[in-house]
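Novice: Take a look at data.cif, mmCIF, C-alpha atoms:
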data_query
loop_
_atom_site.label_atom_id
_atom_site.label_comp_id
_atom_site.auth_asym_id
_atom_site.auth_seq_id
_atom_site.Cartn_x
_atom_site.Cartn_y
_atom_site.Cartn_z
CA MET G 16 -3.59 35.53 3.84
CA LEU G 17 -3.57 32.16 2.08
CA ARG G 18 -1.00 33.33 -0.46
CA LEU G 19 0.91 30.72 -2.47
CA ASP G 20 3.41 32.93 -4.26
CA GLY G 21 6.34 30.96 -5.65
CA ARG G 22 4.69 27.58 -4.99
CA ILE G 23 4.39 24.85 -7.60
CA ALA G 24 1.10 22.98 -7.32
CA ILE G 25 0.11 19.80 -9.14
CA VAL G 26 -3.68 19.42 -9.44
CA THR G 27 -5.05 16.13 -10.77
CA GLY G 28 -8.42 16.07 -12.46
CA CYS G 29 -8.08 19.78 -13.27
CA GLY G 30 -10.64 19.67 -16.08
CA SER G 31 -14.41 19.35 -16.09
CA PHE G 32 -16.29 16.83 -18.19
CA ALA G 33 -18.89 19.49 -19.07
CA PRO G 34 -19.07 23.31 -19.00
CA GLY G 35 -19.11 24.79 -15.53
CA TRP G 36 -16.94 24.55 -12.45
CA GLY G 37 -15.94 21.10 -11.26
CA ASN G 38 -13.89 20.68 -8.10
CA GLY G 39 -10.54 20.30 -9.84
CA LYS G 40 -11.14 23.21 -12.18
CA ALA G 41 -12.05 25.51 -9.29
CA ILE G 42 -9.11 24.32 -7.18
CA ALA G 43 -6.66 24.96 -10.02
CA ALA G 44 -8.09 28.43 -10.67
CA LEU G 45 -8.10 29.41 -6.99
CA LEU G 46 -4.54 28.23 -6.33
CA ALA G 47 -3.37 30.15 -9.39
CA ARG G 48 -5.23 33.28 -8.22
CA GLN G 49 -3.38 33.00 -4.92
CA GLY G 50 -0.01 33.04 -6.66
CA ALA G 51 0.82 29.39 -7.29
CA THR G 52 2.10 28.08 -10.59
CA VAL G 53 -0.28 25.24 -11.37
CA TYR G 54 0.67 22.06 -13.19
CA GLY G 55 -2.77 20.71 -14.05
CA VAL G 56 -3.40 17.21 -15.36
CA ASP G 57 -6.48 15.43 -16.59
CA LEU G 58 -7.26 12.27 -18.51
CA SER G 59 -8.77 14.57 -21.15
CA LEU G 60 -6.27 17.05 -22.54
CA ASP G 61 -9.14 19.09 -23.99
CA ALA G 62 -10.67 19.48 -20.53
CA ALA G 63 -7.32 20.47 -19.05
CA GLU G 64 -6.76 23.02 -21.81
CA ALA G 65 -10.18 24.58 -21.13
CA THR G 66 -9.05 25.14 -17.54
CA ARG G 67 -5.71 26.48 -18.75
CA ASP G 68 -7.43 29.01 -21.00
CA ILE G 69 -9.43 30.40 -18.08
CA ILE G 70 -6.44 30.63 -15.74
CA ALA G 71 -4.12 32.09 -18.37
CA GLY G 72 -6.86 34.51 -19.37
CA GLU G 73 -6.85 35.83 -15.80
CA GLY G 74 -3.13 36.47 -16.09
CA ASN G 75 -2.08 33.57 -13.89
CA SER G 76 0.41 30.75 -14.43
CA ILE G 77 -0.51 27.21 -15.49
CA HIS G 78 0.86 24.34 -17.54
CA VAL G 79 -1.38 21.39 -18.41
CA ALA G 80 -0.86 17.84 -19.63
CA ALA G 81 -2.82 14.66 -20.20
CA CYS G 82 -2.22 12.02 -17.55
CA ASP G 83 -3.86 8.76 -16.53
CA VAL G 84 -3.27 8.86 -12.79
CA THR G 85 -4.06 5.14 -12.48
CA SER G 86 -0.90 4.45 -14.52
CA ALA G 87 2.41 4.51 -12.64
CA ALA G 88 4.27 5.20 -15.88
CA ASP G 89 2.06 8.20 -16.69
CA VAL G 90 2.32 9.56 -13.15
CA ASN G 91 6.09 9.18 -12.96
CA ALA G 92 6.55 10.89 -16.33
CA MET G 93 4.23 13.74 -15.32
CA VAL G 94 6.01 14.35 -12.01
CA ALA G 95 9.43 14.22 -13.67
CA ASP G 96 8.28 16.76 -16.25
CA CYS G 97 6.95 19.08 -13.55
CA GLU G 98 10.19 18.91 -11.59
CA GLN G 99 12.24 19.48 -14.73
CA ARG G 100 10.16 22.51 -15.71
CA PHE G 101 9.85 24.17 -12.32
CA GLY G 102 12.51 22.60 -10.09
CA ARG G 103 10.22 21.56 -7.27
CA VAL G 104 6.75 20.44 -6.21
CA ASP G 105 5.28 22.22 -3.18
CA ILE G 106 1.62 21.20 -3.33
CA LEU G 107 -0.19 18.12 -4.59
CA ILE G 108 -3.97 18.08 -4.88
CA ASN G 109 -5.34 14.58 -5.52
CA ASN G 110 -8.76 15.42 -6.88
CA VAL G 111 -9.73 12.65 -9.29
CA GLY G 112 -12.74 10.49 -8.56
CA ARG G 113 -15.84 8.93 -10.00
CA SER G 114 -18.73 6.95 -8.55
CA GLU G 115 -20.16 3.82 -10.17
CA PRO G 116 -23.41 2.25 -8.91
CA GLY G 117 -23.53 -1.18 -7.37
CA ASN G 118 -23.34 -3.30 -4.21
CA PRO G 119 -21.20 -6.42 -3.72
CA GLU G 120 -23.83 -8.56 -5.41
CA THR G 121 -24.47 -6.37 -8.45
CA MET G 122 -21.09 -4.77 -9.09
CA ASP G 123 -18.78 -6.53 -11.53
CA GLU G 124 -15.34 -7.33 -10.20
CA ASP G 125 -13.64 -5.26 -12.89
CA VAL G 126 -15.76 -2.23 -11.94
CA TRP G 127 -14.80 -2.74 -8.29
CA LYS G 128 -11.11 -2.82 -9.18
CA ALA G 129 -11.42 0.22 -11.43
CA GLN G 130 -13.15 2.16 -8.63
CA LEU G 131 -10.30 1.38 -6.24
CA ASP G 132 -7.71 2.29 -8.87
CA LEU G 133 -9.24 5.66 -9.71
CA ASN G 134 -10.37 6.80 -6.27
CA LEU G 135 -7.54 5.39 -4.10
CA THR G 136 -4.57 3.92 -5.99
CA SER G 137 -4.20 7.15 -7.97
CA ALA G 138 -3.37 9.01 -4.75
CA PHE G 139 -0.88 6.32 -3.79
CA LEU G 140 0.88 6.62 -7.16
CA THR G 141 1.12 10.41 -7.14
CA SER G 142 2.22 10.48 -3.50
CA LYS G 143 4.83 7.77 -4.15
CA ALA G 144 6.32 9.89 -6.94
CA ILE G 145 6.13 13.26 -5.20
CA LEU G 146 6.95 12.53 -1.53
CA PRO G 147 10.70 12.04 -2.19
CA ILE G 148 10.80 15.43 -3.91
CA MET G 149 9.04 17.12 -1.00
CA VAL G 150 11.37 15.46 1.50
CA ARG G 151 14.46 16.59 -0.43
CA GLN G 152 13.27 20.18 -0.60
CA GLY G 153 12.32 20.27 3.08
CA GLY G 154 8.54 20.09 2.98
CA GLY G 155 5.28 20.24 1.12
CA ALA G 156 1.54 19.78 1.40
CA ILE G 157 -0.68 17.06 -0.03
CA VAL G 158 -4.45 17.48 -0.05
CA ASN G 159 -6.56 14.46 -0.96
CA VAL G 160 -10.19 14.97 -1.96
CA SER G 161 -12.30 12.24 -0.37
CA SER G 162 -16.10 12.14 0.09
CA ILE G 163 -18.64 11.82 2.87
CA ALA G 164 -19.58 8.57 1.10
CA GLY G 165 -16.46 7.21 2.79
CA MET G 166 -17.92 8.12 6.18
CA ARG G 167 -21.63 7.26 5.96
CA TRP G 168 -24.46 6.00 3.80
CA VAL G 169 -25.47 8.75 1.38
CA GLY G 170 -28.59 7.29 -0.16
CA LYS G 171 -27.35 5.09 -3.01
CA ASP G 172 -25.39 1.90 -3.64
CA GLN G 173 -21.80 2.81 -4.59
CA VAL G 174 -19.79 0.30 -2.61
CA GLY G 175 -16.58 0.64 -4.63
CA TYR G 176 -16.52 4.42 -4.42
CA ALA G 177 -17.42 4.45 -0.71
CA ALA G 178 -14.76 1.89 0.18
CA ALA G 179 -12.09 3.69 -1.84
CA LYS G 180 -12.88 7.11 -0.37
CA ALA G 181 -12.83 5.65 3.15
CA GLY G 182 -9.47 4.12 2.32
CA LEU G 183 -8.21 7.47 1.07
CA VAL G 184 -8.89 9.02 4.48
CA GLN G 185 -6.90 6.34 6.28
CA PHE G 186 -4.14 6.43 3.65
CA THR G 187 -3.86 10.15 4.38
CA LYS G 188 -3.70 9.68 8.15
CA VAL G 189 -1.07 6.94 8.10
CA THR G 190 1.13 8.73 5.59
CA ALA G 191 0.78 12.03 7.45
CA VAL G 192 2.20 10.47 10.60
CA SER G 193 5.05 8.86 8.65
CA TYR G 194 6.10 12.16 7.08
CA ALA G 195 5.31 14.63 9.87
CA GLU G 196 8.94 14.97 10.99
CA LYS G 197 10.01 15.44 7.35
CA GLY G 198 7.97 18.60 6.91
CA VAL G 199 5.30 17.11 4.64
CA ARG G 200 1.67 17.57 5.65
CA LEU G 201 -1.22 15.44 4.34
CA ASN G 202 -4.89 16.19 4.87
CA CYS G 203 -8.25 15.42 3.31
CA VAL G 204 -11.03 17.63 2.08
CA VAL G 205 -14.27 15.67 2.44
CA PRO G 206 -17.03 17.12 0.25
CA GLY G 207 -20.66 16.32 0.70
CA LEU G 208 -23.31 16.87 -1.97
CA MET G 209 -21.97 19.41 -4.45
CA LEU G 210 -23.67 21.10 -7.39
CA THR G 211 -21.11 20.56 -10.14
CA PRO G 212 -21.40 19.37 -13.76
CA LEU G 213 -21.11 15.81 -12.47
CA VAL G 214 -24.66 16.00 -11.12
CA GLN G 215 -25.93 15.50 -14.67
CA ARG G 216 -23.98 12.25 -14.89
CA LEU G 217 -25.28 11.19 -11.49
CA ALA G 218 -28.85 11.86 -12.63
CA GLU G 219 -28.30 9.57 -15.59
CA ARG G 220 -26.85 6.79 -13.46
CA TYR G 221 -29.01 7.00 -10.36
CA ASN G 222 -32.20 8.96 -11.20
CA GLN G 223 -33.33 7.89 -14.70
CA GLY G 224 -31.91 11.06 -16.21
CA ASP G 225 -34.12 13.39 -14.15
CA TYR G 226 -31.64 16.21 -13.50
CA GLU G 227 -34.05 18.67 -11.88
CA GLY G 228 -35.41 15.94 -9.63
CA MET G 229 -31.87 14.93 -8.69
CA VAL G 230 -30.96 18.51 -7.77
CA ALA G 231 -34.11 18.95 -5.67
CA LYS G 232 -33.54 15.64 -3.89
CA ARG G 233 -29.91 16.45 -3.11
CA ASN G 234 -30.77 19.94 -1.85
CA ALA G 235 -33.39 18.43 0.49
CA GLN G 236 -30.84 16.01 1.95
CA VAL G 237 -28.61 18.82 3.24
CA PRO G 238 -29.43 20.35 6.67
CA MET G 239 -28.50 23.78 5.27
CA GLY G 240 -31.13 23.23 2.56
CA ARG G 241 -28.82 23.38 -0.45
CA MET G 242 -25.82 21.72 -2.01
CA GLY G 243 -22.43 23.34 -1.92
CA ASP G 244 -20.41 24.00 -5.04
CA ALA G 245 -16.89 23.54 -6.37
CA TRP G 246 -15.67 26.79 -4.79
CA ASP G 247 -16.53 25.49 -1.32
CA VAL G 248 -14.24 22.53 -1.98
CA ALA G 249 -11.58 24.77 -3.53
CA HIS G 250 -11.42 27.13 -0.55
CA ALA G 251 -11.03 24.19 1.83
CA ALA G 252 -8.21 22.78 -0.32
CA LEU G 253 -6.52 26.17 -0.47
CA PHE G 254 -6.56 26.49 3.31
CA LEU G 255 -5.08 23.04 3.88
CA ALA G 256 -2.36 23.69 1.29
CA SER G 257 -1.44 27.08 2.72
CA ASP G 258 0.96 28.11 5.47
CA GLU G 259 -2.03 29.11 7.59
CA ALA G 260 -2.59 25.35 8.04
CA ARG G 261 1.06 24.70 8.90
CA TYR G 262 0.20 22.86 12.16
CA ILE G 263 -2.56 20.74 10.63
CA THR G 264 -1.81 17.25 9.34
CA GLY G 265 -3.50 13.87 9.28
CA THR G 266 -7.03 15.17 9.51
CA GLU G 267 -10.17 15.85 7.47
CA LEU G 268 -11.99 19.07 6.68
CA VAL G 269 -15.61 18.10 6.02
CA VAL G 270 -17.44 20.41 3.62
CA ASP G 271 -21.01 19.12 3.60
CA GLY G 272 -23.56 21.60 4.94
CA GLY G 273 -24.05 19.52 8.07
CA ILE G 274 -24.90 16.08 6.61
CA THR G 275 -22.38 14.04 8.61
CA ALA G 276 -23.40 15.81 11.82
CA PHE G 277 -27.03 14.78 11.26
CA THR G 278 -27.94 11.40 12.78
CA GLY G 279 -30.50 10.58 10.11
CA PHE G 280 -30.55 11.34 6.41
CA PRO G 281 -33.14 13.92 5.32
CA GLY G 282 -34.96 13.57 2.03
#
Show me the file's structure as structure tokens.
Specialist:
Amino acid sequence: MLRLDGRIAIVTGCGSFAPGWGNGKAIAALLARQGATVYGVDLSLDAAEATRDIIAGEGNSIHVAACDVTSAADVNAMVADCEQRFGRVDILINNVGRSEPGNPETMDEDVWKAQLDLNLTSAFLTSKAILPIMVRQGGGAIVNVSSIAGMRWVGKDQVGYAAAKAGLVQFTKVTAVSYAEKGVRLNCVVPGLMLTPLVQRLAERYNQGDYEGMVAKRNAQVPMGRMGDAWDVAHAALFLASDEARYITGTELVVDGGITAFTGFPG
């Protein structure tokens, strides 16, 4: 079940900005454990290499590289290198993302544009480079990591991030329909509040640096009473990338402990 033997999987944002398991790091490790050869990229080569060391240490296959996925030149070079090394690309996981605070009045225009570039345009650039390869080889699977912030208010001003993640869902749907007859599936994982190393950064930006208070607040906002973690996101991504999801395209798998099903917002 959920085996990926012989598959080549590109995972963007495969590192973690601090020790622990971020979404991309867990996705890369899980896909490798299931038999895929992972081509992991991150803006920070050091972060990517930390992920590589873990995966290689488990006896699994991974190559890593630095890549700015907001740069078409970087993306095109990365995809060309992956195809040259391994001959194909079967899976693409678009995992990069970052939230900056602000509403339309307070957010600088350059921050707005950077939020769209990182959280939405990056998926366009990687898909643009990889879709022709998948079509030529007869199929593939793309999984885009969105956020419930693209579906509802989640308690803080982050208009650029929310708009970009909402756009990522619709980008996925439209592209999925366009490529359905070509054997390429596109779906979204939509995480809710996750306990990853990024929570420390969120505490600094949104909660005056109070990490413990931020964790308690986020746990209280989830109907299940706790945040999820990177492995919850990784298992959802694995399913959507696998043959067990072969009849699923153009949809979202929400991984949020019940937040989007709740009509209010606890906490």
Novice: Name all residues at most 10 Å from G:Glu73 (count only C-alpha atoms; drop same-chain ones fewer than 4 positions away) and give them as a compact mmCIF listing (two decimals) with C-alpha atoms, in the frame of the given file.
Specialist:
# COMPACT_ATOMS: atom_id res chain seq x y z
CA ALA G 44 -8.09 28.43 -10.67
CA ALA G 47 -3.37 30.15 -9.39
CA ARG G 48 -5.23 33.28 -8.22
CA ARG G 67 -5.71 26.48 -18.75
CA ASP G 68 -7.43 29.01 -21.00
CA ILE G 69 -9.43 30.40 -18.08
Novice: Just want the 8 Å neighbourhood of G:Gly272, counted on all atoms listed in the file, with same-chain residues fewer than 3 positions away dropped. Output as a list in words.
Specialist: Gly207, Val237, Pro238, Met239, Arg241, Met242 and Gly243 of chain G
Novice: If you apply the PyMOL selection byres ((chain G and resi 160) around 9) to this file, what residues do you get, as a PyMOL selection string?
Specialist: chain G and resi 108-112+158-159+161-162+180+183-184+202-206+248+252
Novice: When distances are computed from all atoms listed in the file, which of G:Leu46, G:Met229, G:Leu58, G:Ile25 shows the smallest separation from G:Asp96?
Specialist: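 Among the listed residues, G:Ile25 lies closest to G:Asp96.
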Novice: For a quick check of understanding, using all atoms listed in the file, which of G:Thr264, G:Gln215, G:Gln223, G:Thr141 has the smallest distance to G:Leu201?
Specialist: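 Result for the nearest residue to G:Leu201: G:Thr264.
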Novice: In Å, with one decimal, what is the gap from atom CA of G:Ser257 to atom CA of G:Gly21?
Specialist: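 Answer for the atom CA of G:Ser257 to atom CA of G:Gly21 separation: 12.1 Å.
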